[in-house]
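What follows is the content of start.txt, which has compact mmCIF, C-alpha atoms:
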# COMPACT_ATOMS: atom_id res chain seq x y z
CA MET A 1 118.88 -10.59 -4.87
CA GLY A 2 116.72 -11.08 -1.74
CA ALA A 3 119.52 -9.95 0.61
CA LYS A 4 120.20 -6.90 -1.55
CA GLU A 5 116.54 -5.92 -1.60
CA ALA A 6 116.33 -6.34 2.19
CA SER A 7 119.34 -4.05 2.67
CA MET A 8 117.63 -1.34 0.58
CA ARG A 9 114.49 -1.21 2.70
CA ILE A 10 114.11 1.64 5.16
CA ASP A 11 112.76 0.58 8.55
CA TYR A 12 110.65 3.66 9.27
CA LEU A 13 109.23 2.29 12.53
CA GLY A 14 112.71 1.40 13.77
CA LEU A 15 114.07 4.84 12.85
CA GLU A 16 111.10 6.49 14.54
CA ALA A 17 111.78 4.51 17.72
CA PHE A 18 115.50 5.35 17.61
CA VAL A 19 114.93 9.09 17.09
CA SER A 20 112.33 9.22 19.84
CA ILE A 21 114.71 7.55 22.31
CA GLY A 22 117.68 9.64 21.18
CA ASP A 23 115.78 12.91 21.47
CA ARG A 24 114.33 12.09 24.90
CA GLY A 25 117.19 10.08 26.41
CA SER A 26 114.72 7.66 27.93
CA PHE A 27 112.94 4.48 26.82
CA ASN A 28 110.05 5.32 29.12
CA ARG A 29 109.45 8.80 27.71
CA ALA A 30 109.97 7.61 24.13
CA ALA A 31 107.46 4.78 24.58
CA ALA A 32 104.89 7.20 26.03
CA HIS A 33 105.42 9.63 23.12
CA LEU A 34 104.83 6.88 20.53
CA ASN A 35 101.99 5.33 22.55
CA LEU A 36 103.88 2.03 22.73
CA SER A 37 104.86 -0.33 25.49
CA GLN A 38 108.56 -0.36 26.39
CA THR A 39 108.73 -3.94 25.15
CA ALA A 40 107.34 -2.98 21.72
CA LEU A 41 109.72 -0.03 21.56
CA SER A 42 112.68 -2.26 22.43
CA HIS A 43 111.69 -4.74 19.72
CA ARG A 44 111.59 -1.99 17.10
CA LEU A 45 115.01 -0.70 18.09
CA LYS A 46 116.50 -4.21 18.16
CA LYS A 47 115.16 -4.97 14.69
CA LEU A 48 116.74 -1.75 13.35
CA GLU A 49 120.08 -2.56 14.99
CA ASP A 50 119.95 -6.11 13.65
CA ASP A 51 119.25 -4.85 10.12
CA LEU A 52 122.16 -2.39 10.34
CA GLY A 53 124.49 -4.77 12.13
CA LEU A 54 125.38 -1.96 14.55
CA LYS A 55 124.54 -0.93 18.09
CA LEU A 56 122.98 2.51 18.15
CA LEU A 57 122.29 2.88 21.86
CA ALA A 58 124.18 1.90 24.99
CA ARG A 59 121.65 1.19 27.73
CA THR A 60 122.31 0.68 31.43
CA THR A 61 119.94 0.39 34.34
CA ARG A 62 120.29 4.13 34.93
CA SER A 63 120.91 5.79 31.57
CA VAL A 64 120.75 5.59 27.79
CA SER A 65 123.52 6.96 25.60
CA LEU A 66 124.29 7.04 21.89
CA THR A 67 127.06 4.91 20.45
CA PRO A 68 129.32 6.51 17.80
CA ALA A 69 127.11 4.96 15.11
CA GLY A 70 124.05 6.37 16.90
CA VAL A 71 125.61 9.84 17.06
CA GLU A 72 126.22 9.72 13.30
CA LEU A 73 122.75 8.41 12.44
CA LEU A 74 120.54 10.51 14.73
CA PRO A 75 120.56 13.86 12.83
CA LYS A 76 120.15 12.07 9.48
CA ALA A 77 117.27 9.94 10.75
CA ARG A 78 115.64 12.99 12.35
CA ARG A 79 115.74 14.92 9.05
CA LEU A 80 114.39 11.91 7.16
CA ILE A 81 111.42 11.57 9.50
CA GLU A 82 110.76 15.31 9.51
CA ASP A 83 110.81 15.39 5.70
CA LEU A 84 108.42 12.45 5.48
CA GLN A 85 106.07 14.01 8.00
CA ALA A 86 106.11 17.30 6.07
CA SER A 87 105.38 15.45 2.81
CA PHE A 88 102.46 13.60 4.36
CA GLU A 89 101.03 16.81 5.80
CA ASP A 90 101.27 18.45 2.39
CA LEU A 91 99.47 15.52 0.78
CA ARG A 92 96.77 15.66 3.45
CA ARG A 93 96.24 19.36 2.74
CA GLN A 94 95.99 18.65 -0.97
CA GLY A 95 93.52 15.84 -0.37
CA LYS A 96 91.44 18.03 1.91
CA ALA A 97 91.44 20.82 -0.68
CA ARG A 98 90.21 18.38 -3.33
CA GLN A 99 87.47 17.17 -1.02
CA GLU A 100 86.35 20.73 -0.36
CA ARG A 101 86.17 21.67 -4.05
CA LEU A 102 83.97 19.84 -6.51
CA GLU A 103 83.54 20.38 -10.26
CA ILE A 104 80.66 19.05 -12.32
CA ALA A 105 79.23 19.77 -15.77
CA CYS A 106 75.61 20.33 -16.71
CA LEU A 107 73.39 21.32 -19.61
CA PRO A 108 72.19 24.90 -19.08
CA THR A 109 68.50 23.88 -19.07
CA LEU A 110 69.15 21.26 -16.40
CA ALA A 111 71.26 23.70 -14.41
CA VAL A 112 68.35 26.12 -14.22
CA HIS A 113 65.58 23.59 -13.72
CA TYR A 114 67.19 21.09 -11.33
CA LEU A 115 70.62 22.09 -10.13
CA SER A 116 69.87 25.32 -8.28
CA ARG A 117 67.49 23.62 -5.86
CA VAL A 118 69.69 20.54 -5.49
CA LEU A 119 72.72 22.68 -4.65
CA LYS A 120 70.74 24.42 -1.92
CA ASP A 121 70.08 21.05 -0.26
CA PHE A 122 73.67 19.96 -0.84
CA ALA A 123 75.05 23.13 0.77
CA ALA A 124 72.97 22.48 3.88
CA GLU A 125 74.46 18.99 4.22
CA HIS A 126 78.01 19.82 3.05
CA PRO A 127 78.69 23.47 3.94
CA GLN A 128 82.47 22.99 3.60
CA VAL A 129 82.32 21.97 -0.08
CA SER A 130 82.45 24.55 -2.87
CA VAL A 131 81.02 23.56 -6.24
CA ARG A 132 82.00 24.76 -9.70
CA VAL A 133 79.41 24.10 -12.40
CA HIS A 134 80.41 24.02 -16.06
CA ASP A 135 77.11 24.77 -17.83
CA ASN A 136 77.99 23.74 -21.36
CA SER A 137 76.82 21.79 -24.38
CA ALA A 138 76.65 17.99 -24.39
CA GLY A 139 79.86 17.70 -26.41
CA THR A 140 81.80 19.93 -24.04
CA ILE A 141 80.39 18.10 -21.03
CA ALA A 142 81.67 14.78 -22.39
CA GLU A 143 85.13 16.29 -22.85
CA LEU A 144 85.20 17.79 -19.34
CA VAL A 145 84.20 14.49 -17.76
CA GLN A 146 86.61 12.41 -19.83
CA SER A 147 89.52 14.73 -19.00
CA GLY A 148 88.72 14.52 -15.29
CA GLN A 149 88.09 18.24 -14.92
CA ALA A 150 84.47 17.49 -14.05
CA GLU A 151 83.71 14.44 -11.89
CA PHE A 152 80.40 13.83 -13.63
CA GLY A 153 77.99 15.56 -15.96
CA LEU A 154 74.24 15.99 -16.45
CA SER A 155 73.70 15.71 -20.15
CA ILE A 156 72.08 14.10 -23.15
CA VAL A 157 73.19 10.50 -23.01
CA SER A 158 74.72 9.05 -26.13
CA ALA A 159 75.12 5.34 -26.75
CA ASN A 160 78.29 5.87 -28.79
CA ARG A 161 80.33 7.20 -25.85
CA TRP A 162 82.18 3.98 -25.04
CA ASP A 163 84.65 5.85 -22.81
CA LEU A 164 81.99 7.07 -20.35
CA GLU A 165 79.70 5.41 -17.85
CA ILE A 166 76.13 6.41 -18.69
CA GLU A 167 73.11 6.27 -16.37
CA PRO A 168 69.89 7.30 -18.15
CA LEU A 169 67.34 8.92 -15.84
CA PHE A 170 64.38 9.94 -18.00
CA LYS A 171 63.24 10.90 -21.47
CA GLU A 172 62.19 14.44 -22.25
CA PRO A 173 60.06 15.25 -25.31
CA PHE A 174 60.73 18.05 -27.75
CA VAL A 175 57.71 20.32 -28.14
CA LEU A 176 56.59 23.13 -30.38
CA ALA A 177 57.12 26.47 -28.62
CA CYS A 178 54.90 29.22 -29.99
CA PRO A 179 53.25 32.40 -28.75
CA LYS A 180 50.05 31.75 -26.80
CA ASP A 181 48.04 33.73 -29.33
CA HIS A 182 49.36 31.71 -32.28
CA PRO A 183 46.71 29.53 -34.03
CA LEU A 184 48.74 26.36 -33.40
CA ALA A 185 48.66 27.02 -29.65
CA ARG A 186 45.01 25.87 -29.64
CA ASN A 187 45.92 22.41 -30.95
CA ASP A 188 46.30 19.33 -28.79
CA VAL A 189 48.91 17.92 -31.15
CA VAL A 190 50.95 19.42 -33.98
CA ALA A 191 52.49 17.42 -36.83
CA TRP A 192 55.65 18.52 -38.60
CA SER A 193 53.62 18.94 -41.77
CA ASP A 194 51.62 21.66 -39.97
CA LEU A 195 54.85 23.65 -39.63
CA GLU A 196 55.80 23.74 -43.29
CA GLY A 197 56.11 27.34 -44.43
CA ALA A 198 56.17 28.73 -40.87
CA PRO A 199 59.34 30.62 -39.90
CA LEU A 200 61.37 28.42 -37.55
CA VAL A 201 64.45 28.93 -35.43
CA ARG A 202 66.85 26.06 -34.87
CA ILE A 203 69.90 25.42 -32.76
CA SER A 204 73.46 25.27 -34.08
CA ALA A 205 74.57 22.05 -35.76
CA GLN A 206 77.27 21.62 -33.08
CA THR A 207 74.71 20.78 -30.38
CA GLY A 208 73.26 17.43 -29.40
CA ASN A 209 69.71 18.81 -29.60
CA ARG A 210 70.13 19.72 -33.26
CA ALA A 211 71.48 16.27 -34.08
CA LEU A 212 68.45 14.59 -32.51
CA ILE A 213 66.02 16.68 -34.56
CA ASP A 214 67.96 16.25 -37.80
CA ASP A 215 68.15 12.47 -37.33
CA ALA A 216 64.42 12.21 -36.57
CA LEU A 217 63.36 14.28 -39.58
CA GLY A 218 65.77 12.87 -42.11
CA PRO A 219 65.34 14.45 -45.58
CA ARG A 220 62.14 16.15 -44.40
CA ARG A 221 64.20 18.72 -42.52
CA GLU A 222 64.99 20.38 -45.85
CA GLN A 223 61.28 21.11 -46.35
CA MET A 224 61.10 23.23 -43.21
CA THR A 225 61.64 26.98 -43.24
CA TRP A 226 64.63 27.40 -40.94
CA ARG A 227 64.85 31.17 -40.99
CA TYR A 228 66.99 31.65 -37.89
CA GLU A 229 69.80 29.75 -36.21
CA VAL A 230 71.12 30.36 -32.69
CA GLN A 231 73.66 28.79 -30.37
CA HIS A 232 71.54 28.36 -27.25
CA LEU A 233 68.01 27.21 -26.44
CA ALA A 234 67.36 30.33 -24.38
CA SER A 235 67.96 32.45 -27.48
CA ALA A 236 65.48 30.35 -29.46
CA VAL A 237 62.86 30.75 -26.72
CA SER A 238 63.38 34.52 -26.69
CA LEU A 239 62.70 34.69 -30.43
CA VAL A 240 59.48 32.77 -29.89
CA ALA A 241 58.45 35.14 -27.10
CA ALA A 242 59.04 38.09 -29.43
CA GLY A 243 56.82 36.52 -32.11
CA VAL A 244 59.71 36.28 -34.56
CA ALA A 245 59.59 32.51 -35.16
CA LEU A 246 58.47 29.16 -33.81
CA ALA A 247 60.90 26.68 -32.27
CA ILE A 248 61.20 22.97 -31.60
CA VAL A 249 62.83 22.71 -28.17
CA PRO A 250 63.04 20.34 -25.21
CA ARG A 251 60.13 20.92 -22.86
CA LEU A 252 62.48 22.01 -20.06
CA ALA A 253 63.86 24.81 -22.21
CA VAL A 254 60.56 26.67 -21.95
CA SER A 255 60.17 25.93 -18.25
CA ALA A 256 63.77 26.94 -17.51
CA ALA A 257 63.43 30.20 -19.43
CA ASP A 258 60.31 31.09 -17.42
CA THR A 259 59.18 33.31 -20.29
CA PRO A 260 55.52 34.40 -20.18
CA GLY A 261 53.35 34.30 -23.27
CA ILE A 262 54.70 31.01 -24.65
CA ALA A 263 52.65 27.84 -25.20
CA THR A 264 54.04 24.34 -25.68
CA VAL A 265 52.27 21.81 -27.90
CA THR A 266 52.94 18.09 -28.29
CA LEU A 267 54.81 17.27 -31.49
CA ARG A 268 54.09 14.16 -33.57
CA ASN A 269 54.91 12.48 -36.89
CA PRO A 270 57.65 12.14 -35.86
CA GLY A 271 57.86 12.69 -32.15
CA VAL A 272 61.34 13.62 -30.93
CA SER A 273 62.78 13.10 -27.45
CA ARG A 274 66.13 13.18 -25.71
CA THR A 275 67.35 10.90 -22.95
CA LEU A 276 68.86 12.77 -20.03
CA GLY A 277 71.12 11.28 -17.42
CA ILE A 278 74.48 11.26 -15.67
CA VAL A 279 77.80 10.61 -17.38
CA SER A 280 81.01 9.81 -15.54
CA ARG A 281 84.44 8.39 -16.33
CA ARG A 282 84.42 4.64 -16.81
CA GLY A 283 86.09 2.83 -13.94
CA GLN A 284 86.81 6.04 -11.99
CA PRO A 285 85.17 6.25 -8.54
CA LEU A 286 83.67 9.56 -7.47
CA SER A 287 84.93 11.51 -4.48
CA PRO A 288 82.64 11.29 -1.42
CA ALA A 289 81.33 14.82 -2.04
CA ALA A 290 80.63 14.09 -5.71
CA ALA A 291 78.87 10.84 -4.83
CA ALA A 292 76.65 12.67 -2.32
CA LEU A 293 75.75 15.38 -4.84
CA ARG A 294 75.07 12.81 -7.55
CA ALA A 295 72.68 10.94 -5.25
CA LEU A 296 70.77 14.15 -4.54
CA ILE A 297 70.53 14.96 -8.25
CA GLU A 298 69.31 11.47 -9.12
CA ARG A 299 66.54 11.63 -6.52
CA ARG A 300 65.40 15.07 -7.64
CA MET A 301 65.48 14.28 -11.36
CA ARG A 302 63.65 10.96 -10.99
CA GLN A 303 61.06 12.54 -8.70
CA GLU A 304 60.34 15.49 -10.95
CA ALA A 305 60.47 13.34 -14.08
CA GLY A 306 57.68 11.25 -12.61
CA GLU A 307 55.68 14.33 -11.75
CA GLY A 308 56.33 15.69 -15.24
CA GLY A 309 55.14 12.42 -16.75
CA ARG A 310 51.85 12.74 -14.93
CA THR A 311 51.56 16.34 -16.10
CA ARG A 312 52.12 15.36 -19.72
CA LYS A 313 49.08 13.08 -19.64
CA ARG A 314 46.82 16.13 -19.48
CA PRO A 315 45.49 17.60 -22.75
CA ALA A 316 48.01 19.74 -24.58
CA ARG A 317 45.62 22.71 -24.58
CA ILE A 318 45.62 22.73 -20.78
CA ARG A 319 49.40 22.47 -20.70
CA ALA A 320 49.70 25.39 -23.08
CA ALA A 321 47.51 27.50 -20.85
CA ASP A 322 49.69 27.00 -17.79
CA ALA A 323 53.09 26.38 -19.36
CA SER A 324 54.67 28.95 -17.07
CA MET A 325 53.69 26.83 -14.06
CA ASP A 326 55.27 23.68 -15.51
CA ALA A 327 58.72 24.73 -14.32

Produce structure tokens that represent the structure in this file.
Amino acid sequence: MGAKEASMRIDYLGLEAFVSIGDRGSFNRAAAHLNLSQTALSHRLKKLEDDLGLKLLARTTRSVSLTPAGVELLPKARRLIEDLQASFEDLRRQGKARQERLEIACLPTLAVHYLSRVLKDFAAEHPQVSVRVHDNSAGTIAELVQSGQAEFGLSIVSANRWDLEIEPLFKEPFVLACPKDHPLARNDVVAWSDLEGAPLVRISAQTGNRALIDDALGPRREQMTWRYEVQHLASAVSLVAAGVALAIVPRLAVSAADTPGIATVTLRNPGVSRTLGIVSRRGQPLSPAAAALRALIERRMRQEAGEGGRTRKRPARIRAADASMDA
């Protein structure tokens, strides 16, 4: 079995040495072309001839010529090497193309609040890399990352995603969003019981944000007046701005929308929050470009989360007054 396996191996280095000598008719020129010493070149050729059991070249002090076996092998060996070189070049081009194109996924609120500024810094450091951002829901982000279409995602982290690596970065509270002239906007804190009977807008049941609120409220959610339902947080914020309804949304949703005339008030009994972070495929290393972008995002999110935490220590009435500056 060992002898058979040895006979099936292709001595690429030996073939490369043989073709280089055959094409140039000189050991000296062939060695220079391959950046080898003549001794190393001779060893490669001898090993190939020993493996084949045939002499391929007839060498004298003045000339080098092909033997009949060498004449037969040279065009075949040349095509083999050319095909391999072409295949390697094609693979290099594909690898370079992958390195120059990067796909990630991100919640729309995070895309607006964090990603635009991060991508500006990333472009300055990596001008050759193009980035495609899938701004989707948490469920879609998990699917994109798991399938490999997106290298990583910025999303609500979920402990039940065993198939993904999860790195929590910070917690973000849900707040009451209401018009600035609404009576509740003057409160420091609002309890859910204060909202009973008030027209509310909620997000579709297919979203992670809706699931967090429903789980926190339990049966009490049926006591609330959910008059409107929308698919996206931005739509809920627009209804609040128009005075149509109140909304319970992540704090960033109001900042990201940059809609004037809206106040945010701390919500209690129960308080609701979501953990935001980075999700990636378990056991799958990121490309160098993706790793660099992820590092930038982590620094920006942790930095601004800390600044946001200091901001949230101020009285809610003050926050409501300058909510548009909390972006």

* To do: Work out how far CA of Gly14 (chain A) is from CA of Leu48 (chain A), in Å to one decimal.
  => 5.1 Å

* Give as a ChimeraX atom specification each residue that has an atom at most 12 Å from (114.2, 6.0, 26.2) in the file, counting only C-alpha atoms. => /A:17-34,36-39,41-42,45,57-66

* Kindly indicate which residue among A:Tyr228, A:Phe122, A:Phe170, A:Phe88 lies nearest to Leu276 (chain A), using all atoms listed in the file for the distances. =>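 For Leu276 (chain A), the nearest of the candidates is A:Phe170.
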
* Which is closest to Arg117 (chain A) among A:Phe152, A:Asp163, A:Arg300, A:Cys178, if we use all atoms listed in the file? -> A:Arg300

Could you give me, as an mmCIF file with C-alpha atoms, in the coordinates of the input, the residues within 7 Å of Val133 (chain A), counting all atoms listed in the file and dropping anything in the same chain fewer than 5 positions from it?
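Once written, around_2.cif looks like this:
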data_model
loop_
_atom_site.group_PDB
_atom_site.id
_atom_site.type_symbol
_atom_site.label_atom_id
_atom_site.label_comp_id
_atom_site.auth_asym_id
_atom_site.auth_seq_id
_atom_site.Cartn_x
_atom_site.Cartn_y
_atom_site.Cartn_z
ATOM 1 C CA GLU A 103 83.540 20.380 -10.260
ATOM 2 C CA ILE A 104 80.660 19.050 -12.320
ATOM 3 C CA ALA A 105 79.230 19.770 -15.770
ATOM 4 C CA CYS A 106 75.610 20.330 -16.710
#

* Taking only C-alpha atoms into account, which of A:Val189, A:Leu91, A:Leu252, A:Leu154 comes nearest Gly271 (chain A)? ->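 Among the listed residues, A:Val189 lies closest to Gly271 (chain A).
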
* Minimum-distance residue to Arg251 (chain A), chosen among A:Ala290, A:Leu110, A:Val131, A:Ala150 (using all atoms listed in the file) ->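 Of the candidates, the smallest distance to Arg251 (chain A) is held by A:Leu110.
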
Might you pull out every residue within 6 Å of Thr67 (chain A), with all atoms listed in the file counted and same-chain residues fewer than 2 positions away left off, and present them as a compact mmCIF listing (two decimals) with C-alpha atoms, in the frame of the given file?
# COMPACT_ATOMS: atom_id res chain seq x y z
CA LEU A 56 122.98 2.51 18.15
CA LEU A 57 122.29 2.88 21.86
CA ALA A 69 127.11 4.96 15.11
CA GLY A 70 124.05 6.37 16.90

Is it possible to add N, CA and C atoms to region 7-25 of chain A and hand it back as a PDB file, in the coordinates of the input?
ATOM      1  N   SER A   7     118.442  -5.096   2.193  1.00  0.00           N
ATOM      2  CA  SER A   7     119.340  -4.050   2.670  1.00  0.00           C
ATOM      3  C   SER A   7     118.897  -2.674   2.192  1.00  0.00           C
ATOM      4  N   MET A   8     118.065  -2.627   1.132  1.00  0.00           N
ATOM      5  CA  MET A   8     117.630  -1.340   0.580  1.00  0.00           C
ATOM      6  C   MET A   8     116.372  -0.810   1.261  1.00  0.00           C
ATOM      7  N   ARG A   9     115.708  -1.653   2.041  1.00  0.00           N
ATOM      8  CA  ARG A   9     114.490  -1.210   2.700  1.00  0.00           C
ATOM      9  C   ARG A   9     114.824  -0.254   3.847  1.00  0.00           C
ATOM     10  N   ILE A  10     113.947   0.701   4.049  1.00  0.00           N
ATOM     11  CA  ILE A  10     114.110   1.640   5.160  1.00  0.00           C
ATOM     12  C   ILE A  10     113.107   1.275   6.242  1.00  0.00           C
ATOM     13  N   ASP A  11     113.609   0.958   7.411  1.00  0.00           N
ATOM     14  CA  ASP A  11     112.760   0.580   8.550  1.00  0.00           C
ATOM     15  C   ASP A  11     112.279   1.863   9.230  1.00  0.00           C
ATOM     16  N   TYR A  12     111.142   2.387   8.731  1.00  0.00           N
ATOM     17  CA  TYR A  12     110.650   3.660   9.270  1.00  0.00           C
ATOM     18  C   TYR A  12     110.303   3.536  10.751  1.00  0.00           C
ATOM     19  N   LEU A  13     109.629   2.446  11.131  1.00  0.00           N
ATOM     20  CA  LEU A  13     109.230   2.290  12.530  1.00  0.00           C
ATOM     21  C   LEU A  13     110.450   2.189  13.445  1.00  0.00           C
ATOM     22  N   GLY A  14     111.492   1.495  12.983  1.00  0.00           N
ATOM     23  CA  GLY A  14     112.710   1.400  13.770  1.00  0.00           C
ATOM     24  C   GLY A  14     113.387   2.753  13.910  1.00  0.00           C
ATOM     25  N   LEU A  15     113.460   3.502  12.795  1.00  0.00           N
ATOM     26  CA  LEU A  15     114.070   4.840  12.850  1.00  0.00           C
ATOM     27  C   LEU A  15     113.261   5.760  13.761  1.00  0.00           C
ATOM     28  N   GLU A  16     111.947   5.659  13.690  1.00  0.00           N
ATOM     29  CA  GLU A  16     111.100   6.490  14.540  1.00  0.00           C
ATOM     30  C   GLU A  16     111.349   6.186  16.019  1.00  0.00           C
ATOM     31  N   ALA A  17     111.494   4.897  16.330  1.00  0.00           N
ATOM     32  CA  ALA A  17     111.780   4.510  17.720  1.00  0.00           C
ATOM     33  C   ALA A  17     113.149   5.030  18.146  1.00  0.00           C
ATOM     34  N   PHE A  18     114.140   4.892  17.283  1.00  0.00           N
ATOM     35  CA  PHE A  18     115.500   5.350  17.610  1.00  0.00           C
ATOM     36  C   PHE A  18     115.540   6.858  17.834  1.00  0.00           C
ATOM     37  N   VAL A  19     114.924   7.623  16.946  1.00  0.00           N
ATOM     38  CA  VAL A  19     114.930   9.090  17.090  1.00  0.00           C
ATOM     39  C   VAL A  19     114.201   9.507  18.357  1.00  0.00           C
ATOM     40  N   SER A  20     113.082   8.865  18.638  1.00  0.00           N
ATOM     41  CA  SER A  20     112.330   9.220  19.840  1.00  0.00           C
ATOM     42  C   SER A  20     113.147   8.958  21.103  1.00  0.00           C
ATOM     43  N   ILE A  21     113.861   7.843  21.144  1.00  0.00           N
ATOM     44  CA  ILE A  21     114.710   7.550  22.310  1.00  0.00           C
ATOM     45  C   ILE A  21     115.887   8.521  22.379  1.00  0.00           C
ATOM     46  N   GLY A  22     116.523   8.750  21.199  1.00  0.00           N
ATOM     47  CA  GLY A  22     117.680   9.640  21.180  1.00  0.00           C
ATOM     48  C   GLY A  22     117.335  11.051  21.578  1.00  0.00           C
ATOM     49  N   ASP A  23     116.174  11.539  21.155  1.00  0.00           N
ATOM     50  CA  ASP A  23     115.780  12.910  21.470  1.00  0.00           C
ATOM     51  C   ASP A  23     115.365  13.060  22.931  1.00  0.00           C
ATOM     52  N   ARG A  24     114.849  11.989  23.540  1.00  0.00           N
ATOM     53  CA  ARG A  24     114.330  12.090  24.900  1.00  0.00           C
ATOM     54  C   ARG A  24     115.251  11.465  25.938  1.00  0.00           C
ATOM     55  N   GLY A  25     116.227  10.697  25.483  1.00  0.00           N
ATOM     56  CA  GLY A  25     117.190  10.080  26.410  1.00  0.00           C
ATOM     57  C   GLY A  25     116.565   9.103  27.363  1.00  0.00           C
TER      58      GLY A  25
END
